[in-house]
Amino acid sequence: MNYWLIKSEPHTYSFAQMKSDKKTMWDGVRNYQARNFMREMRKGDIALFYHSGKDRQVVGEVEIVKEFYQDPTTEDTNWVVVDVKYKRILTNPVNLADIKSKKELSEMHLVRNSRLSVSSVSKKEYDSIIRMSEV
DNA sequence: GCCAACGTTGGC
DNA sequence: GCCAACGTTGGC
């Protein structure tokens, strides 16, 4: 099982919306690196849900329920989507500032490349963030 | 609101 | 194929 992090601007699509939708198609990714990560996602993988913009925190978890397929919102065959399902809200959201303050999280794509909207997360990084959310 | 970082486009 | 110009994202 692999771990991921997906970003959303809460004004565009919030985790509250994710919760009420229960399941959504993760579309609109127009970046090759992000697209490549989406292609690697497998059913059952977990993704952290991050609010960019004013929030800047990891707020919950979703599960990949359908592997990549053509993005139906475009004719361009370069782009794909996956389906994700609401899993749970974190007990406490984990702030970007706190993530940045942890040495063991300094290699995260989220820290290294703030503009990447879909990225991989190692098991260690994932566990570390979950631990931070439980304090 | 500003700006750094990054990606894309297009002229040469 | 290089690189300047431009647009977008997202942190601050």
# chains A, B, ... in the order shown; residues from 1 in each chain; ligands from 1
$ closest_atom_pairs --of "chain C" --to "range 1-9 of chain B" --cutoff "9 Å" --atoms "only C-alpha atoms (C1' of nucleotides)" --output "Markdown table"
| residue | atom | partner | partner_atom | distance |
| --- | --- | --- | --- | --- |
| C:DA5 | C1' | B:DT9 | C1' | 8.8 |
| C:DC6 | C1' | B:DT9 | C1' | 8.2 |
| C:DG7 | C1' | B:DT8 | C1' | 8.3 |
| C:DT8 | C1' | B:DG7 | C1' | 8.6 |
| C:DT9 | C1' | B:DC6 | C1' | 8.7 |
| C:DC12 | C1' | B:DC2 | C1' | 8.9 |
$ residues_around --residues "Lys102 in chain A" --least-positions-apart "3" --cutoff "12 Å" --atoms "only C-alpha atoms (C1' of nucleotides)" --output "PyMOL selection string"
chain A and resi 94-99+105-108+111+125+128-129+132
$ closest_atom_pairs --of "chain A" --to "chain C" --cutoff "9 Å" --atoms "only C-alpha atoms (C1' of nucleotides)" --output "Markdown table"
| residue | atom | partner | partner_atom | distance |
| --- | --- | --- | --- | --- |
| A:Ser52 | CA | C:DG10 | C1' | 7.0 |
| A:Gly53 | CA | C:DG10 | C1' | 6.2 |
| A:Arg56 | CA | C:DG11 | C1' | 8.7 |
| A:Ser114 | CA | C:DG10 | C1' | 6.8 |
| A:Arg115 | CA | C:DT9 | C1' | 5.7 |
| A:Leu116 | CA | C:DT9 | C1' | 8.8 |
$ atom_distance --atom1 "CA of Lys23 in chain A" --atom2 "CA of Glu61 in chain A"
12.1 Å
$ select_by_dssp --residues "range 46-129 of chain A" --states "alpha helix (DSSP H)" --output "PyMOL selection string"
chain A and resi 96-101+109-112+123-129
$ write_last_selection --atoms "all heavy atoms" --output "CSV table (one decimal), in the first residue's frame"
chain,number,residue,atom,x,y,z
A,96,LEU,N,0.9,23.2,8.0
A,96,LEU,CA,2.1,23.2,7.2
A,96,LEU,C,3.4,23.7,8.0
A,96,LEU,O,4.4,23.2,7.9
A,96,LEU,CB,1.9,24.2,6.0
A,96,LEU,CG,3.1,24.3,5.1
A,96,LEU,CD1,3.5,22.9,4.4
A,96,LEU,CD2,2.9,25.3,4.0
A,97,ALA,N,3.2,24.7,8.8
A,97,ALA,CA,4.3,25.3,9.6
A,97,ALA,C,4.8,24.2,10.6
A,97,ALA,O,6.1,24.1,10.7
A,97,ALA,CB,3.8,26.4,10.5
A,98,ASP,N,4.0,23.3,11.1
A,98,ASP,CA,4.4,22.3,12.0
A,98,ASP,C,5.1,21.2,11.2
A,98,ASP,O,6.1,20.6,11.6
A,98,ASP,CB,3.2,21.6,12.8
A,98,ASP,CG,2.7,22.6,13.8
A,98,ASP,OD1,3.4,23.5,14.2
A,98,ASP,OD2,1.5,22.4,14.1
A,99,ILE,N,4.6,20.9,10.0
A,99,ILE,CA,5.3,19.9,9.1
A,99,ILE,C,6.7,20.4,8.8
A,99,ILE,O,7.6,19.7,8.9
A,99,ILE,CB,4.4,19.7,7.9
A,99,ILE,CG1,3.1,19.0,8.2
A,99,ILE,CG2,5.2,18.9,6.8
A,99,ILE,CD1,2.1,18.9,7.1
A,100,LYS,N,6.8,21.7,8.5
A,100,LYS,CA,8.1,22.3,8.1
A,100,LYS,C,9.1,22.3,9.3
A,100,LYS,O,10.3,22.3,9.1
A,100,LYS,CB,7.9,23.7,7.6
A,100,LYS,CG,7.3,23.7,6.2
A,100,LYS,CD,7.4,25.1,5.6
A,100,LYS,CE,7.2,25.1,4.1
A,100,LYS,NZ,7.1,26.4,3.5
A,101,SER,N,8.5,22.3,10.5
A,101,SER,CA,9.4,22.3,11.6
A,101,SER,C,10.0,21.0,12.0
A,101,SER,O,10.9,20.8,12.8
A,101,SER,CB,8.7,22.9,12.8
A,101,SER,OG,7.8,21.9,13.3
A,109,HIS,N,7.5,16.2,-0.6
A,109,HIS,CA,7.2,17.0,-1.8
A,109,HIS,C,6.5,18.3,-1.4
A,109,HIS,O,6.7,19.3,-1.9
A,109,HIS,CB,6.3,16.2,-2.7
A,109,HIS,CG,7.1,15.1,-3.4
A,109,HIS,ND1,6.9,13.8,-3.2
A,109,HIS,CD2,8.0,15.2,-4.4
A,109,HIS,CE1,7.7,13.1,-3.9
A,109,HIS,NE2,8.4,13.9,-4.7
A,110,LEU,N,5.6,18.1,-0.4
A,110,LEU,CA,4.8,19.3,0.1
A,110,LEU,C,5.7,20.4,0.5
A,110,LEU,O,5.4,21.6,0.3
A,110,LEU,CB,3.9,18.8,1.3
A,110,LEU,CG,3.0,19.9,1.9
A,110,LEU,CD1,1.9,20.4,1.0
A,110,LEU,CD2,2.5,19.4,3.2
A,111,VAL,N,6.8,20.1,1.2
A,111,VAL,CA,7.8,21.1,1.7
A,111,VAL,C,8.7,21.5,0.6
A,111,VAL,O,9.0,22.7,0.4
A,111,VAL,CB,8.6,20.5,2.8
A,111,VAL,CG1,9.7,21.4,3.3
A,111,VAL,CG2,7.7,20.1,4.0
A,112,ARG,N,9.1,20.5,-0.3
A,112,ARG,CA,10.1,20.8,-1.3
A,112,ARG,C,9.5,21.6,-2.5
A,112,ARG,O,10.2,22.4,-3.1
A,112,ARG,CB,10.7,19.5,-1.8
A,112,ARG,CG,11.7,18.9,-0.8
A,112,ARG,CD,12.9,19.8,-0.7
A,112,ARG,NE,14.0,19.3,0.0
A,112,ARG,CZ,15.0,18.5,-0.5
A,112,ARG,NH1,15.0,18.2,-1.8
A,112,ARG,NH2,16.0,18.1,0.2
A,123,LYS,N,5.8,6.0,3.9
A,123,LYS,CA,5.2,5.4,5.1
A,123,LYS,C,5.6,6.2,6.4
A,123,LYS,O,4.8,6.5,7.2
A,123,LYS,CB,5.5,3.9,5.2
A,123,LYS,CG,5.1,3.2,6.5
A,123,LYS,CD,3.8,2.4,6.3
A,123,LYS,CE,3.5,1.6,7.5
A,123,LYS,NZ,2.6,2.3,8.4
A,124,LYS,N,6.9,6.4,6.4
A,124,LYS,CA,7.4,7.2,7.6
A,124,LYS,C,6.8,8.5,7.7
A,124,LYS,O,6.4,9.0,8.8
A,124,LYS,CB,8.9,7.3,7.5
A,124,LYS,CG,9.7,6.3,8.1
A,124,LYS,CD,11.2,6.7,8.1
A,124,LYS,CE,12.1,5.7,8.9
A,124,LYS,NZ,13.5,6.1,8.9
A,125,GLU,N,6.7,9.2,6.6
A,125,GLU,CA,6.1,10.6,6.6
A,125,GLU,C,4.6,10.5,7.0
A,125,GLU,O,4.2,11.3,7.8
A,125,GLU,CB,6.3,11.2,5.3
A,125,GLU,CG,7.7,11.6,4.9
A,125,GLU,CD,8.0,11.9,3.4
A,125,GLU,OE1,7.1,11.6,2.6
A,125,GLU,OE2,9.1,12.3,3.1
A,126,TYR,N,4.0,9.6,6.4
A,126,TYR,CA,2.6,9.4,6.7
A,126,TYR,C,2.3,9.1,8.2
A,126,TYR,O,1.5,9.8,8.8
A,126,TYR,CB,2.0,8.2,5.9
A,126,TYR,CG,0.6,7.8,6.2
A,126,TYR,CD1,-0.5,8.5,5.7
A,126,TYR,CD2,0.4,6.7,7.1
A,126,TYR,CE1,-1.8,8.2,6.1
A,126,TYR,CE2,-0.9,6.4,7.4
A,126,TYR,CZ,-2.0,7.1,6.9
A,126,TYR,OH,-3.3,6.8,7.3
A,127,ASP,N,3.1,8.2,8.7
A,127,ASP,CA,3.0,7.8,10.1
A,127,ASP,C,3.2,9.0,11.0
A,127,ASP,O,2.6,9.3,12.0
A,127,ASP,CB,3.9,6.7,10.5
A,127,ASP,CG,3.5,5.3,9.9
A,127,ASP,OD1,2.3,5.2,9.5
A,127,ASP,OD2,4.3,4.4,9.9
A,128,SER,N,4.2,9.8,10.6
A,128,SER,CA,4.6,11.0,11.4
A,128,SER,C,3.5,12.0,11.4
A,128,SER,O,3.2,12.6,12.5
A,128,SER,CB,5.9,11.6,10.8
A,128,SER,OG,6.3,12.7,11.5
A,129,ILE,N,2.9,12.2,10.3
A,129,ILE,CA,1.8,13.2,10.2
A,129,ILE,C,0.6,12.7,11.0
A,129,ILE,O,-0.1,13.5,11.7
A,129,ILE,CB,1.4,13.5,8.8
A,129,ILE,CG1,2.5,14.4,8.2
A,129,ILE,CG2,0.1,14.2,8.7
A,129,ILE,CD1,2.4,14.7,6.7
$ select_by_dssp --residues "chain A" --states "strand (DSSP E or B)" --output "PyMOL selection string"
chain A and resi 3-8+23-26+46-51+57-70+80-95+118-121
$ residues_around --residues "range 28-32 of chain A" --least-positions-apart "4" --cutoff "10 Å" --atoms "only C-alpha atoms (C1' of nucleotides)" --output "PyMOL selection string"
(chain A and resi 36-38+71-74+78-81+115-118) or (chain B and resi 7)
$ atom_distance --atom1 "CA of Trp26 in chain A" --atom2 "CA of Ile6 in chain A"
9.1 Å
